[in-house]
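Step one of this worksheet: look at the structure below.
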Amino acid sequence: MKITIDTDAATLAVDGQDHDLYSKEAFAVIADLWVKTGWVRKYSYGFSWLGRPIIQLPDDMLRIQEAIWQVQPDIIIETGIAHGGSLIFYASLMEMIGKGRVIGLDIDIRPHNRAAIEAHPMVKRITMIEGSSVAAEVVDQVKALIKPTDTVMLILDSNHSRDHVAAELAAYADLVTPGSYILSQDGVMQLVAGAPRAPADWAEDNPITAVNAFLAAHPDFELAKPPRPFDETQDTPDCSHHPIGWLRRKP
């Protein structure tokens, strides 16, 4: 694909087809290129939340907080902890709501990350479990922490291979409350496949393929982004790492 931007003429051409530079179509092309280039440049690695690295795009963080505020969950299950920034982000939102707990799972919680999370003020709303997110004993530990009356949201952010995401969906989807959401992160893998830092096999081995297979077998879920409480974007696309990532359990 050849993209030509002429700022004097205010046009953007894709393979010779002109668009107004300020049109929705041009924005979509620029946003797609920005996300792909940002992936290669590790743009999302430049942010923190309350002192911990978060490895998230600010756009995605804002959309996630909109969903959390809408659902008001009692429990957020997050697979994948890394440095703990996301755990602390979700826990701080729940602190503002005035209820709730984040259950974080990771196959390897490194001692320095665990120490930093345990020393953080938001640890009071965090439970960490070390082990594979799809191991039966870990799934059982998570289930034991959830009461029948809890509103539950699920965020998948550990191993993003197709098979692992499929196994996580199979293990935890039934815990998600009707009207609440699953967010399967990093569907961007499909979009950047073959770029630097992105193996070519990501074109098929990615969360999107797992999500599509899950939806085909689970009619009680649907692709549905959380509603925007304020939106003057004129239907322009998100600059997101999570295309086709939001699944809503039907009420």
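So you can find residues: chains in the structure tokens are A, B, ... in the order shown, residues in each start at 1, and ligands are numbered from 1 in order.
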**Asked** Using only C-alpha atoms, which residues sit within 12 Å of A:Val71 once same-chain residues fewer than 4 positions away are excluded, as a PyMOL selection string?
**Response** chain A and resi 64-67+75-76+93-94+97+100+150-154+176-182+226-227+248-249
**Secondary structure check, strand (DSSP E or B) residues of stretch 27-59 of chain A, as a VMD selection string** = chain A and resid 48 to 49 52 to 53
Kindly save the residues from that selection, with N, CA and C atoms included, as a PDB file, in the first residue's frame.
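Writing done, so here's out.pdb:
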```pdb
ATOM      1  N   SER A  48       3.370   5.146  33.072  1.00  0.00           N
ATOM      2  CA  SER A  48       3.224   4.502  34.377  1.00  0.00           C
ATOM      3  C   SER A  48       1.900   4.947  34.993  1.00  0.00           C
ATOM      4  N   TRP A  49       1.483   4.212  36.024  1.00  0.00           N
ATOM      5  CA  TRP A  49       0.299   4.611  36.785  1.00  0.00           C
ATOM      6  C   TRP A  49       0.634   4.550  38.267  1.00  0.00           C
ATOM      7  N   ARG A  52       4.056   2.828  38.894  1.00  0.00           N
ATOM      8  CA  ARG A  52       4.429   1.526  38.343  1.00  0.00           C
ATOM      9  C   ARG A  52       4.263   1.529  36.823  1.00  0.00           C
ATOM     10  N   PRO A  53       5.218   0.923  36.085  1.00  0.00           N
ATOM     11  CA  PRO A  53       5.074   0.831  34.629  1.00  0.00           C
ATOM     12  C   PRO A  53       3.789   0.096  34.264  1.00  0.00           C
TER      13      PRO A  53
END
```
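Atom pair atom CA of A:Glu118 / atom CA of A:Leu175 has a distance of 26.3 Å (rounded to one decimal).
Residue nearest A:Ile129 within the list A:Thr79, A:Asn113, A:Pro58, A:Arg162: A:Thr79 [criterion: smallest interatomic distance, only C-alpha atoms].
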**Message:** For a test of reading the model, state the distance in Å between atom CA of A:Leu169 and atom CA of A:Ala213, rounded to one decimal.
**Reply:**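 Taking atom CA of A:Leu169 and atom CA of A:Ala213, their separation equals 10.4 Å.
Of the listed residues A:Gly104, A:Pro199, A:Gly131, A:Gly98, the one whose atoms come nearest to A:Pro73 is A:Gly98, with distances taken using only C-alpha atoms.
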Do you have, as a Markdown table, the list of residues of stretch 101-219 of chain A lying at most 7 Å from stretch 231-241 of chain A, each with its nearest atom pair and that distance in Å to one decimal, counting only C-alpha atoms and ordered by chain then number?
```
| residue | atom | partner | partner_atom | distance |
| --- | --- | --- | --- | --- |
| A:Asp186 | CA | A:His241 | CA | 5.2 |
| A:Gly187 | CA | A:His241 | CA | 6.2 |
| A:Val188 | CA | A:His241 | CA | 4.8 |
```
**Message:** Considering only alpha helix (DSSP H) as DSSP defines it on the backbone, what residues of stretch 21-200 of chain A qualify? List them as a ChimeraX atom specification.
**Reply:** /A:24-40,58-71,85-97,111-118,136-144,162-172,188-192
**Message:** Need the shell around stretch 30-37 of chain A: protein/DNA/RNA residues with any atom at most 10 Å away, counting only C-alpha atoms. Skip same-chain ones fewer than 4 positions apart. Format as JSON, numbers by chain?
**Reply:** {"A": [3, 5, 12, 21, 24, 25, 26, 41, 42, 43, 44, 57, 188, 189, 191, 192, 193, 195, 196, 236, 237, 238, 239, 240, 241]}
